[in-house]
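Everything below belongs to coords.cif, which stores mmCIF, C-alpha atoms (C1' of nucleotides).
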```
data_run
#
loop_
_atom_site.label_atom_id
_atom_site.label_comp_id
_atom_site.auth_asym_id
_atom_site.auth_seq_id
_atom_site.Cartn_x
_atom_site.Cartn_y
_atom_site.Cartn_z
CA MET A 1461 4.75 -86.68 -67.98
CA PRO A 1462 6.24 -83.54 -66.39
CA GLU A 1463 3.36 -82.39 -64.08
CA PRO A 1464 5.24 -79.38 -62.71
CA SER A 1465 2.50 -78.56 -60.21
CA THR A 1466 4.09 -79.77 -56.99
CA ASP A 1467 7.62 -78.70 -57.80
CA LEU A 1468 6.48 -75.26 -58.78
CA ARG A 1469 4.41 -74.90 -55.69
CA LEU A 1470 7.21 -75.93 -53.36
CA THR A 1471 9.61 -73.66 -55.19
CA LEU A 1472 7.23 -70.75 -54.74
CA VAL A 1473 6.92 -71.47 -51.03
CA ARG A 1474 10.67 -71.62 -50.67
CA ILE A 1475 11.40 -68.43 -52.53
CA ALA A 1476 8.79 -66.56 -50.54
CA ARG A 1477 10.47 -67.74 -47.36
CA ARG A 1478 13.86 -66.77 -48.70
CA MET A 1479 12.67 -63.29 -49.53
CA ARG A 1480 11.13 -62.88 -46.14
CA GLN A 1481 14.44 -63.78 -44.49
CA GLN A 1482 16.11 -60.93 -46.35
CA LYS A 1483 14.19 -58.26 -44.55
CA ALA A 1484 16.70 -56.30 -42.49
CA GLU A 1485 15.93 -54.88 -39.08
CA GLY A 1486 13.64 -51.88 -39.13
CA GLU A 1487 13.07 -52.15 -42.83
CA VAL A 1488 9.74 -52.05 -44.54
CA GLY A 1489 8.33 -55.53 -45.08
CA ASP A 1490 6.82 -56.91 -48.25
CA GLY A 1491 3.23 -56.31 -47.26
CA GLN A 1492 4.02 -52.76 -46.26
CA ARG A 1493 5.91 -52.05 -49.46
CA SER A 1494 3.03 -53.32 -51.50
CA VAL A 1495 0.71 -50.80 -49.84
CA LEU A 1496 3.06 -47.88 -50.36
CA PHE A 1497 3.58 -48.75 -54.02
CA CYS A 1498 -0.14 -49.20 -54.57
CA ILE A 1499 -0.97 -45.74 -53.25
CA GLN A 1500 1.89 -44.13 -55.14
CA ASP A 1501 0.56 -45.69 -58.36
CA ARG A 1502 -3.16 -45.18 -57.88
CA GLY A 1503 -3.54 -42.34 -55.42
CA PRO A 1504 -5.30 -42.39 -52.02
CA GLN A 1505 -7.13 -45.63 -51.29
CA THR A 1506 -9.76 -46.87 -48.87
CA LEU A 1507 -8.88 -49.58 -46.40
CA GLY A 1508 -11.06 -52.06 -48.23
CA ALA A 1509 -9.41 -51.34 -51.56
CA LEU A 1510 -5.97 -51.91 -50.08
CA ALA A 1511 -7.12 -55.17 -48.47
CA ASP A 1512 -8.59 -56.40 -51.75
CA ASN A 1513 -5.48 -55.45 -53.66
CA ASP A 1514 -3.25 -57.53 -51.43
CA LEU A 1515 -5.67 -60.38 -50.82
CA VAL A 1516 -5.77 -59.87 -47.07
CA THR A 1517 -8.64 -59.22 -44.66
CA PRO A 1518 -9.51 -55.66 -43.60
CA PRO A 1519 -8.25 -56.18 -40.02
CA SER A 1520 -4.91 -57.37 -41.38
CA MET A 1521 -4.61 -54.42 -43.67
CA ASN A 1522 -5.66 -52.08 -40.90
CA ARG A 1523 -2.76 -53.29 -38.85
CA THR A 1524 -0.31 -52.85 -41.70
CA VAL A 1525 -1.63 -49.34 -42.28
CA ASN A 1526 -1.30 -48.51 -38.58
CA VAL A 1527 2.35 -49.51 -38.64
CA LEU A 1528 2.98 -47.34 -41.67
CA ILE A 1529 1.21 -44.39 -40.06
CA GLU A 1530 3.34 -44.81 -36.93
CA ARG A 1531 6.43 -44.76 -39.11
CA GLY A 1532 5.27 -41.56 -40.74
CA TYR A 1533 4.72 -42.93 -44.23
CA LEU A 1534 0.92 -42.74 -44.39
CA THR A 1535 -1.99 -40.62 -43.23
CA ARG A 1536 -5.58 -41.70 -42.64
CA GLU A 1537 -8.52 -39.34 -43.03
CA THR A 1538 -12.24 -39.86 -42.91
CA SER A 1539 -13.80 -39.44 -46.34
CA THR A 1540 -15.76 -36.25 -46.83
CA VAL A 1541 -18.38 -37.88 -49.06
CA ASP A 1542 -18.98 -41.04 -47.02
CA ALA A 1543 -17.98 -40.88 -43.38
CA ARG A 1544 -17.77 -44.66 -43.14
CA ARG A 1545 -14.78 -44.66 -45.44
CA VAL A 1546 -11.25 -43.60 -44.82
CA SER A 1547 -8.80 -42.21 -47.31
CA ILE A 1548 -5.28 -43.47 -46.86
CA ASP A 1549 -2.53 -41.47 -48.51
CA LEU A 1550 1.23 -41.13 -48.55
CA THR A 1551 3.01 -38.48 -46.53
CA ASP A 1552 5.97 -36.67 -48.06
CA ALA A 1553 8.22 -39.14 -46.27
CA GLY A 1554 6.25 -42.01 -47.77
CA ARG A 1555 6.52 -40.58 -51.23
CA THR A 1556 10.24 -40.11 -50.79
CA TRP A 1557 10.60 -43.68 -49.55
CA VAL A 1558 8.83 -45.06 -52.60
CA ARG A 1559 10.88 -42.93 -54.96
CA GLU A 1560 14.15 -43.95 -53.33
CA THR A 1561 13.18 -47.61 -53.22
CA ARG A 1562 12.14 -47.61 -56.84
CA ARG A 1563 15.39 -45.97 -57.76
CA ARG A 1564 17.71 -48.41 -56.06
CA ARG A 1565 15.22 -51.29 -56.29
CA ASP A 1566 15.47 -54.13 -53.85
CA ALA A 1567 19.10 -54.87 -53.14
CA TRP A 1568 18.97 -58.59 -52.45
CA PHE A 1569 16.55 -59.49 -55.18
CA THR A 1570 18.16 -57.28 -57.81
CA THR A 1571 21.60 -58.66 -57.07
CA ARG A 1572 20.34 -62.20 -57.50
CA LEU A 1573 18.58 -61.32 -60.74
CA ALA A 1574 21.72 -59.69 -62.07
CA LYS A 1575 23.59 -62.96 -61.65
CA LEU A 1576 21.22 -64.84 -63.92
CA THR A 1577 21.79 -65.30 -67.62
CA PRO A 1578 19.71 -63.21 -70.04
CA GLU A 1579 17.74 -66.34 -70.94
CA GLU A 1580 16.94 -66.98 -67.29
CA ARG A 1581 15.78 -63.43 -66.82
CA ASP A 1582 13.62 -63.76 -69.91
CA ALA A 1583 12.06 -66.88 -68.47
CA LEU A 1584 11.16 -64.97 -65.30
CA ALA A 1585 9.83 -61.99 -67.21
CA LEU A 1586 7.56 -64.27 -69.24
CA ALA A 1587 6.35 -66.11 -66.18
CA GLU A 1588 5.61 -63.04 -64.09
CA PRO A 1589 2.23 -62.19 -65.68
CA VAL A 1590 1.23 -65.83 -65.50
CA LEU A 1591 2.07 -66.01 -61.83
CA ARG A 1592 0.12 -62.84 -61.24
CA LYS A 1593 -2.88 -64.32 -63.00
CA LEU A 1594 -2.55 -67.41 -60.85
CA ALA A 1595 -2.40 -65.34 -57.68
CA GLU A 1596 -5.51 -63.43 -58.65
CA SER A 1597 -7.58 -66.39 -59.73
CA MET B 265 14.22 -51.11 -69.83
CA PRO B 266 11.81 -53.58 -68.25
CA GLU B 267 13.40 -54.01 -64.77
CA PRO B 268 10.95 -56.69 -63.65
CA SER B 269 12.49 -56.88 -60.18
CA THR B 270 9.84 -55.17 -58.08
CA ASP B 271 6.82 -56.50 -59.94
CA LEU B 272 8.13 -60.01 -59.81
CA ARG B 273 8.93 -59.76 -56.16
CA LEU B 274 5.49 -58.45 -55.25
CA THR B 275 3.86 -61.08 -57.42
CA LEU B 276 5.81 -63.80 -55.63
CA VAL B 277 4.75 -62.45 -52.26
CA ARG B 278 1.15 -62.34 -53.35
CA ILE B 279 1.05 -65.82 -54.78
CA ALA B 280 2.66 -67.26 -51.66
CA ARG B 281 -0.07 -65.61 -49.60
CA ARG B 282 -2.74 -66.91 -51.95
CA MET B 283 -1.44 -70.43 -51.66
CA ARG B 284 -1.33 -70.22 -47.91
CA GLN B 285 -4.98 -69.15 -47.83
CA GLN B 286 -5.91 -72.33 -49.66
CA LYS B 287 -4.85 -74.57 -46.84
CA ALA B 288 -8.02 -76.25 -45.53
CA GLU B 289 -8.51 -76.97 -41.84
CA GLY B 290 -6.51 -79.91 -40.57
CA GLU B 291 -4.61 -80.24 -43.80
CA VAL B 292 -0.89 -80.51 -44.12
CA GLY B 293 0.72 -77.11 -44.67
CA ASP B 294 3.35 -76.24 -47.23
CA GLY B 295 6.31 -76.57 -44.92
CA GLN B 296 5.06 -79.91 -43.69
CA ARG B 297 4.44 -81.22 -47.17
CA SER B 298 7.92 -80.27 -48.22
CA VAL B 299 9.37 -82.40 -45.40
CA LEU B 300 7.24 -85.43 -46.21
CA PHE B 301 8.14 -85.25 -49.90
CA CYS B 302 11.83 -84.82 -49.13
CA ILE B 303 11.96 -87.97 -46.99
CA GLN B 304 9.94 -89.95 -49.48
CA ASP B 305 12.42 -88.97 -52.20
CA ARG B 306 15.67 -89.29 -50.29
CA GLY B 307 15.00 -91.63 -47.40
CA PRO B 308 15.39 -90.91 -43.67
CA GLN B 309 16.95 -87.54 -42.88
CA THR B 310 18.54 -85.83 -39.92
CA LEU B 311 16.94 -82.74 -38.47
CA GLY B 312 19.75 -80.57 -39.78
CA ALA B 313 19.42 -81.92 -43.29
CA LEU B 314 15.71 -81.18 -43.33
CA ALA B 315 16.33 -77.66 -42.02
CA ASP B 316 18.95 -76.99 -44.69
CA ASN B 317 16.72 -78.35 -47.40
CA ASP B 318 13.93 -75.96 -46.57
CA LEU B 319 16.09 -72.99 -45.64
CA VAL B 320 14.77 -72.80 -42.10
CA THR B 321 16.51 -72.95 -38.72
CA PRO B 322 16.77 -76.23 -36.79
CA PRO B 323 14.31 -75.10 -34.10
CA SER B 324 11.75 -74.26 -36.78
CA MET B 325 12.18 -77.59 -38.45
CA ASN B 326 12.04 -79.36 -35.11
CA ARG B 327 8.64 -77.90 -34.53
CA THR B 328 7.40 -78.92 -37.96
CA VAL B 329 8.69 -82.43 -37.37
CA ASN B 330 6.98 -82.59 -33.97
CA VAL B 331 3.66 -81.72 -35.54
CA LEU B 332 4.09 -84.42 -38.16
CA ILE B 333 5.02 -86.97 -35.52
CA GLU B 334 1.91 -86.06 -33.52
CA ARG B 335 -0.15 -86.57 -36.65
CA GLY B 336 1.37 -89.97 -37.13
CA TYR B 337 3.22 -89.24 -40.37
CA LEU B 338 6.80 -89.36 -39.07
CA THR B 339 9.00 -91.17 -36.56
CA ARG B 340 12.15 -89.90 -34.86
CA GLU B 341 14.92 -92.23 -33.72
CA THR B 342 18.35 -91.58 -32.33
CA SER B 343 21.03 -92.58 -34.80
CA THR B 344 22.92 -95.78 -33.96
CA VAL B 345 26.24 -94.47 -35.30
CA ASP B 346 26.17 -91.02 -33.72
CA ALA B 347 23.88 -90.57 -30.76
CA ARG B 348 23.73 -86.81 -31.24
CA ARG B 349 21.86 -87.27 -34.47
CA VAL B 350 18.30 -88.29 -35.09
CA SER B 351 16.89 -90.15 -38.01
CA ILE B 352 13.51 -88.93 -39.15
CA ASP B 353 11.48 -91.26 -41.32
CA LEU B 354 7.98 -91.70 -42.70
CA THR B 355 5.46 -93.99 -41.05
CA ASP B 356 3.19 -96.12 -43.21
CA ALA B 357 0.56 -93.44 -42.84
CA GLY B 358 3.06 -90.83 -43.98
CA ARG B 359 4.02 -92.86 -46.99
CA THR B 360 0.37 -93.35 -47.89
CA TRP B 361 -0.24 -89.64 -47.51
CA VAL B 362 2.58 -88.76 -49.90
CA ARG B 363 1.44 -91.35 -52.42
CA GLU B 364 -2.16 -90.13 -52.32
CA THR B 365 -1.13 -86.49 -52.51
CA ARG B 366 1.16 -87.11 -55.43
CA ARG B 367 -1.61 -88.99 -57.16
CA ARG B 368 -4.28 -86.34 -56.91
CA ARG B 369 -1.74 -83.50 -56.69
CA ASP B 370 -2.76 -80.30 -55.08
CA ALA B 371 -6.36 -79.56 -55.91
CA TRP B 372 -6.36 -75.78 -55.88
CA PHE B 373 -3.06 -75.30 -57.62
CA THR B 374 -3.65 -77.98 -60.24
CA THR B 375 -7.07 -76.60 -61.07
CA ARG B 376 -5.62 -73.15 -61.61
CA LEU B 377 -2.82 -74.49 -63.75
CA ALA B 378 -5.30 -76.42 -65.86
CA LYS B 379 -7.08 -73.20 -66.72
CA LEU B 380 -3.97 -71.64 -68.23
CA THR B 381 -3.10 -71.84 -71.89
CA PRO B 382 -0.34 -74.23 -72.97
CA GLU B 383 1.91 -71.24 -73.59
CA GLU B 384 1.34 -69.96 -70.06
CA ARG B 385 2.12 -73.36 -68.60
CA ASP B 386 5.29 -73.47 -70.67
CA ALA B 387 6.29 -70.10 -69.30
CA LEU B 388 5.90 -71.42 -65.75
CA ALA B 389 7.74 -74.64 -66.49
CA LEU B 390 10.67 -72.66 -67.90
CA ALA B 391 10.71 -70.28 -64.96
CA GLU B 392 10.53 -72.93 -62.25
CA PRO B 393 14.22 -73.94 -62.30
CA VAL B 394 15.22 -70.29 -62.39
CA LEU B 395 13.07 -69.52 -59.37
CA ARG B 396 14.55 -72.48 -57.59
CA LYS B 397 18.04 -71.22 -58.33
CA LEU B 398 17.04 -67.82 -57.01
CA ALA B 399 15.67 -69.34 -53.82
CA GLU B 400 18.85 -71.26 -53.22
CA SER B 401 21.27 -68.46 -53.95
"C1'" DT C 223 -30.38 -53.37 -42.78
"C1'" DA C 224 -26.08 -53.27 -45.21
"C1'" DT C 225 -21.53 -51.41 -45.51
"C1'" DT C 226 -17.00 -49.75 -43.79
"C1'" DG C 227 -13.79 -49.81 -40.69
"C1'" DT C 228 -11.83 -51.01 -36.00
"C1'" DT C 229 -10.78 -53.63 -31.75
"C1'" DA C 230 -9.92 -57.84 -29.32
"C1'" DT C 231 -8.06 -62.08 -29.56
"C1'" DA C 232 -5.70 -66.09 -31.17
"C1'" DC C 233 -3.08 -68.98 -34.39
"C1'" DT C 234 0.87 -70.19 -37.52
"C1'" DC C 235 5.39 -69.82 -38.88
"C1'" DT C 236 9.60 -68.36 -38.04
"C1'" DA C 237 13.62 -66.63 -35.43
"C1'" DT C 238 17.33 -66.09 -31.57
"C1'" DA C 239 19.28 -67.52 -27.26
"C1'" DA C 240 20.20 -70.81 -23.98
"C1'" DC C 241 20.59 -75.53 -22.80
"C1'" DT C 242 21.67 -80.84 -23.07
"C1'" DA C 243 23.90 -84.70 -24.73
"C1'" DT C 244 27.39 -86.64 -27.41
"C1'" DA C 245 31.68 -86.67 -30.10
"C1'" DT D 970 35.72 -77.80 -27.55
"C1'" DA D 971 32.60 -78.53 -31.38
"C1'" DT D 972 28.39 -80.47 -33.13
"C1'" DA D 973 23.34 -81.99 -33.26
"C1'" DG D 974 19.35 -81.37 -31.44
"C1'" DT D 975 15.92 -79.35 -28.18
"C1'" DT D 976 13.47 -76.02 -25.19
"C1'" DA D 977 12.01 -71.43 -24.07
"C1'" DT D 978 10.62 -67.31 -25.69
"C1'" DA D 979 9.40 -63.64 -28.84
"C1'" DG D 980 7.96 -61.33 -33.08
"C1'" DA D 981 5.70 -60.81 -37.61
"C1'" DG D 982 1.81 -61.65 -40.23
"C1'" DT D 983 -2.50 -63.25 -40.62
"C1'" DA D 984 -7.33 -64.70 -39.40
"C1'" DT D 985 -12.16 -64.72 -37.15
"C1'" DA D 986 -15.59 -62.64 -34.19
"C1'" DA D 987 -17.65 -58.86 -32.21
"C1'" DC D 988 -18.41 -54.05 -32.28
"C1'" DA D 989 -19.23 -48.97 -33.78
"C1'" DA D 990 -20.47 -45.64 -36.96
"C1'" DT D 991 -22.67 -44.33 -41.06
"C1'" DA D 992 -25.56 -44.89 -45.17
#
```
Written form, structure tokens:
Amino acid sequence: MPEPSTDLRLTLVRIARRMRQQKAEGEVGDGQRSVLFCIQDRGPQTLGALADNDLVTPPSMNRTVNVLIERGYLTRETSTVDARRVSIDLTDAGRTWVRETRRRRDAWFTTRLAKLTPEERDALALAEPVLRKLAES
Amino acid sequence: MPEPSTDLRLTLVRIARRMRQQKAEGEVGDGQRSVLFCIQDRGPQTLGALADNDLVTPPSMNRTVNVLIERGYLTRETSTVDARRVSIDLTDAGRTWVRETRRRRDAWFTTRLAKLTPEERDALALAEPVLRKLAES
DNA sequence: TATTGTTATACTCTATAACTATA
DNA sequence: TATAGTTATAGAGTATAACAATA
């Protein structure tokens, strides 16, 4: 009986740790990248929407957003229709960052992927939507 | 051209976060579980071996080990052959914990897996060794 | 009153640097 | 000297609780 549950879980923990280690000094972290990509794809977002999207609490997301504003990648404006809400959008620098990052992709991860066999890459491509479903359930 | 790199990476980040959220109060965390399982499978380990296994630094692992000793799951003894080394082993309570955990597996993760289709589970099973390879590269 | 966001605070995990003991 | 482990310290990421503003 294979029961891959525990192995898979530990593997996922380990790879997340490994990816985190790859973040170079001053670079944009995973949580930050996720926010920038989300806004690029879907347009300006409220704080709550960003928090929901990344499965974090509003205070956590607020902090991430603050960092990105300090770095000049995002702006925050009070909504004109509902003054409780804020609208968080990319600056030109943010948009450029996303475009550049998408173009060259993530160096470490892409290099590792390139070293896999086509079959291994297929296995990952097939698993990705399943993992996403798992994360969102 | 699919280029799954970025999507996969963000999905992996998100699922790691989701798993972390599932840790109930007082439970054993992912890093801790990994250590207990490793010793159960391979016998007593040195601190360095445990650190290498989980891709963390010795100080990090030392801290994890200290927590597990405080909880009564591990013991630490100076090696008889080389007094610089320590031998870290499971207590009876630790062994029981591993056995119980292996028996009922991880509740949250197992439940989610059970809700997938057989094809989806196959996709994960095929991807697991590839992810592991990626983590270790 | 309920919703949206923010501030204050604290906890977990991890790292780097410096230190101790032993080989 | 080199190695194994430990201690001290700091940073990133996250959470909960309390608060403010608006609907």
(request) Using the chain letters and numbers from the file, give me the residues hit by the PyMOL selection byres ((chain D) within 10 of (chain B)), as a list in words. (result) DT972, DA973, DG974, DT975, DT976, DT983 and DA984 of chain D
Please evaluate the PyMOL selection byres ((chain A and resi 1494) around 10) against the structure above and give the resulting residues as a PDB file with C-alpha atoms, in the coordinates of the input.
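After the write, out.pdb holds the following:
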```pdb
ATOM      1  CA  VAL A1488       9.740 -52.050 -44.540  1.00  0.00           C
ATOM      2  CA  GLY A1489       8.330 -55.530 -45.080  1.00  0.00           C
ATOM      3  CA  ASP A1490       6.820 -56.910 -48.250  1.00  0.00           C
ATOM      4  CA  GLY A1491       3.230 -56.310 -47.260  1.00  0.00           C
ATOM      5  CA  GLN A1492       4.020 -52.760 -46.260  1.00  0.00           C
ATOM      6  CA  ARG A1493       5.910 -52.050 -49.460  1.00  0.00           C
ATOM      7  CA  VAL A1495       0.710 -50.800 -49.840  1.00  0.00           C
ATOM      8  CA  LEU A1496       3.060 -47.880 -50.360  1.00  0.00           C
ATOM      9  CA  PHE A1497       3.580 -48.750 -54.020  1.00  0.00           C
ATOM     10  CA  CYS A1498      -0.140 -49.200 -54.570  1.00  0.00           C
ATOM     11  CA  ILE A1499      -0.970 -45.740 -53.250  1.00  0.00           C
ATOM     12  CA  GLN A1500       1.890 -44.130 -55.140  1.00  0.00           C
ATOM     13  CA  LEU A1510      -5.970 -51.910 -50.080  1.00  0.00           C
ATOM     14  CA  ASN A1513      -5.480 -55.450 -53.660  1.00  0.00           C
ATOM     15  CA  ASP A1514      -3.250 -57.530 -51.430  1.00  0.00           C
TER      16      ASP A1514
ATOM     17  CA  THR B 270       9.840 -55.170 -58.080  1.00  0.00           C
ATOM     18  CA  ASP B 271       6.820 -56.500 -59.940  1.00  0.00           C
ATOM     19  CA  ARG B 273       8.930 -59.760 -56.160  1.00  0.00           C
ATOM     20  CA  LEU B 274       5.490 -58.450 -55.250  1.00  0.00           C
ATOM     21  CA  THR B 275       3.860 -61.080 -57.420  1.00  0.00           C
ATOM     22  CA  VAL B 277       4.750 -62.450 -52.260  1.00  0.00           C
ATOM     23  CA  ARG B 278       1.150 -62.340 -53.350  1.00  0.00           C
TER      24      ARG B 278
END
```
Chain B superposed on chain A over all ordered C-alpha pairs, least squares: can you write that as a CSV table (one decimal) with C-alpha atoms, in the coordinates of the input?
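result37.csv was written with the following content:
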```
chain,number,residue,atom,x,y,z
B,265,MET,CA,4.4,-86.0,-68.5
B,266,PRO,CA,6.1,-83.2,-66.6
B,267,GLU,CA,3.3,-82.3,-64.1
B,268,PRO,CA,5.3,-79.3,-62.6
B,269,SER,CA,2.6,-78.6,-60.1
B,270,THR,CA,4.2,-79.8,-56.9
B,271,ASP,CA,7.7,-78.7,-57.7
B,272,LEU,CA,6.6,-75.3,-58.7
B,273,ARG,CA,4.4,-74.9,-55.6
B,274,LEU,CA,7.3,-75.9,-53.2
B,275,THR,CA,9.7,-73.7,-55.1
B,276,LEU,CA,7.3,-70.8,-54.7
B,277,VAL,CA,7.0,-71.5,-50.9
B,278,ARG,CA,10.7,-71.6,-50.6
B,279,ILE,CA,11.4,-68.4,-52.5
B,280,ALA,CA,8.8,-66.5,-50.5
B,281,ARG,CA,10.5,-67.7,-47.3
B,282,ARG,CA,13.9,-66.7,-48.7
B,283,MET,CA,12.7,-63.3,-49.5
B,284,ARG,CA,11.2,-62.8,-46.1
B,285,GLN,CA,14.5,-63.7,-44.5
B,286,GLN,CA,16.2,-60.9,-46.4
B,287,LYS,CA,14.2,-58.2,-44.6
B,288,ALA,CA,16.7,-56.2,-42.5
B,289,GLU,CA,15.8,-54.8,-39.1
B,290,GLY,CA,13.6,-51.8,-39.2
B,291,GLU,CA,13.0,-52.1,-42.9
B,292,VAL,CA,9.7,-52.1,-44.6
B,293,GLY,CA,8.3,-55.6,-45.1
B,294,ASP,CA,6.8,-57.0,-48.3
B,295,GLY,CA,3.2,-56.4,-47.3
B,296,GLN,CA,4.0,-52.8,-46.3
B,297,ARG,CA,5.9,-52.1,-49.5
B,298,SER,CA,3.0,-53.3,-51.6
B,299,VAL,CA,0.7,-50.8,-49.9
B,300,LEU,CA,3.1,-47.9,-50.4
B,301,PHE,CA,3.6,-48.7,-54.0
B,302,CYS,CA,-0.1,-49.2,-54.6
B,303,ILE,CA,-1.0,-45.7,-53.3
B,304,GLN,CA,1.9,-44.1,-55.2
B,305,ASP,CA,0.6,-45.7,-58.4
B,306,ARG,CA,-3.1,-45.1,-57.9
B,307,GLY,CA,-3.5,-42.3,-55.4
B,308,PRO,CA,-5.3,-42.4,-52.0
B,309,GLN,CA,-7.1,-45.6,-51.3
B,310,THR,CA,-9.8,-46.9,-48.9
B,311,LEU,CA,-8.9,-49.6,-46.4
B,312,GLY,CA,-11.1,-52.1,-48.3
B,313,ALA,CA,-9.4,-51.3,-51.6
B,314,LEU,CA,-6.0,-51.9,-50.1
B,315,ALA,CA,-7.2,-55.2,-48.5
B,316,ASP,CA,-8.6,-56.4,-51.8
B,317,ASN,CA,-5.5,-55.4,-53.7
B,318,ASP,CA,-3.3,-57.5,-51.5
B,319,LEU,CA,-5.7,-60.4,-50.9
B,320,VAL,CA,-5.8,-59.9,-47.2
B,321,THR,CA,-8.7,-59.2,-44.8
B,322,PRO,CA,-9.5,-55.7,-43.7
B,323,PRO,CA,-8.3,-56.2,-40.1
B,324,SER,CA,-4.9,-57.4,-41.5
B,325,MET,CA,-4.6,-54.5,-43.7
B,326,ASN,CA,-5.7,-52.1,-41.0
B,327,ARG,CA,-2.8,-53.3,-38.9
B,328,THR,CA,-0.3,-52.9,-41.8
B,329,VAL,CA,-1.6,-49.4,-42.3
B,330,ASN,CA,-1.3,-48.6,-38.6
B,331,VAL,CA,2.3,-49.6,-38.7
B,332,LEU,CA,3.0,-47.4,-41.7
B,333,ILE,CA,1.2,-44.4,-40.1
B,334,GLU,CA,3.3,-44.9,-36.9
B,335,ARG,CA,6.4,-44.8,-39.1
B,336,GLY,CA,5.3,-41.6,-40.7
B,337,TYR,CA,4.7,-43.0,-44.2
B,338,LEU,CA,0.9,-42.8,-44.4
B,339,THR,CA,-2.0,-40.6,-43.2
B,340,ARG,CA,-5.6,-41.7,-42.6
B,341,GLU,CA,-8.5,-39.3,-43.0
B,342,THR,CA,-12.2,-39.9,-42.9
B,343,SER,CA,-13.8,-39.4,-46.3
B,344,THR,CA,-15.7,-36.2,-46.8
B,345,VAL,CA,-18.4,-37.9,-49.0
B,346,ASP,CA,-19.0,-41.0,-47.0
B,347,ALA,CA,-18.0,-40.8,-43.3
B,348,ARG,CA,-17.8,-44.6,-43.0
B,349,ARG,CA,-14.8,-44.6,-45.4
B,350,VAL,CA,-11.2,-43.6,-44.8
B,351,SER,CA,-8.8,-42.2,-47.3
B,352,ILE,CA,-5.3,-43.5,-46.9
B,353,ASP,CA,-2.5,-41.5,-48.5
B,354,LEU,CA,1.2,-41.1,-48.5
B,355,THR,CA,3.0,-38.5,-46.5
B,356,ASP,CA,6.0,-36.7,-48.0
B,357,ALA,CA,8.2,-39.2,-46.2
B,358,GLY,CA,6.3,-42.0,-47.7
B,359,ARG,CA,6.5,-40.6,-51.2
B,360,THR,CA,10.3,-40.1,-50.8
B,361,TRP,CA,10.6,-43.7,-49.5
B,362,VAL,CA,8.8,-45.1,-52.6
B,363,ARG,CA,10.9,-42.9,-54.9
B,364,GLU,CA,14.2,-44.0,-53.3
B,365,THR,CA,13.2,-47.6,-53.2
B,366,ARG,CA,12.2,-47.6,-56.8
B,367,ARG,CA,15.4,-45.9,-57.7
B,368,ARG,CA,17.7,-48.4,-56.0
B,369,ARG,CA,15.2,-51.3,-56.3
B,370,ASP,CA,15.5,-54.1,-53.9
B,371,ALA,CA,19.1,-54.8,-53.2
B,372,TRP,CA,19.0,-58.5,-52.5
B,373,PHE,CA,16.6,-59.4,-55.2
B,374,THR,CA,18.2,-57.2,-57.9
B,375,THR,CA,21.6,-58.6,-57.1
B,376,ARG,CA,20.4,-62.1,-57.5
B,377,LEU,CA,18.6,-61.3,-60.8
B,378,ALA,CA,21.7,-59.7,-62.1
B,379,LYS,CA,23.6,-62.9,-61.7
B,380,LEU,CA,21.2,-64.8,-63.9
B,381,THR,CA,21.8,-65.3,-67.6
B,382,PRO,CA,19.7,-63.3,-70.0
B,383,GLU,CA,17.7,-66.4,-70.9
B,384,GLU,CA,16.9,-67.0,-67.3
B,385,ARG,CA,15.8,-63.5,-66.8
B,386,ASP,CA,13.6,-63.8,-69.9
B,387,ALA,CA,12.1,-66.9,-68.4
B,388,LEU,CA,11.1,-65.0,-65.3
B,389,ALA,CA,9.8,-62.0,-67.2
B,390,LEU,CA,7.5,-64.4,-69.2
B,391,ALA,CA,6.4,-66.2,-66.1
B,392,GLU,CA,5.6,-63.1,-64.0
B,393,PRO,CA,2.2,-62.3,-65.6
B,394,VAL,CA,1.2,-65.9,-65.4
B,395,LEU,CA,2.1,-66.1,-61.8
B,396,ARG,CA,0.1,-62.9,-61.2
B,397,LYS,CA,-2.9,-64.4,-62.9
B,398,LEU,CA,-2.5,-67.5,-60.8
B,399,ALA,CA,-2.4,-65.4,-57.6
B,400,GLU,CA,-5.5,-63.5,-58.6
B,401,SER,CA,-7.6,-66.5,-59.6
```
With the PyMOL selection byres ((chain C) within 10 of (chain B)) as the selection, what would be picked from this file? Answer as a compact mmCIF listing (two decimals) with C-alpha atoms (C1' of nucleotides), in the coordinates of the input, please.
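Generated file (part15.txt):
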```
# COMPACT_ATOMS: atom_id res chain seq x y z
C1' DT C 234 0.87 -70.19 -37.52
C1' DC C 235 5.39 -69.82 -38.88
C1' DT C 236 9.60 -68.36 -38.04
C1' DA C 237 13.62 -66.63 -35.43
C1' DT C 238 17.33 -66.09 -31.57
C1' DA C 243 23.90 -84.70 -24.73
C1' DT C 244 27.39 -86.64 -27.41
C1' DA C 245 31.68 -86.67 -30.10
```
(message) Could you tell me which residues of chain A sit within 9 Å of chain B when counting all atoms listed in the file, and give me the result as a PyMOL selection string?
(response) chain A and resi 1464-1480+1490-1491+1493-1494+1514-1516+1562+1565-1566+1569-1570+1572-1573+1576+1580-1592+1594-1597
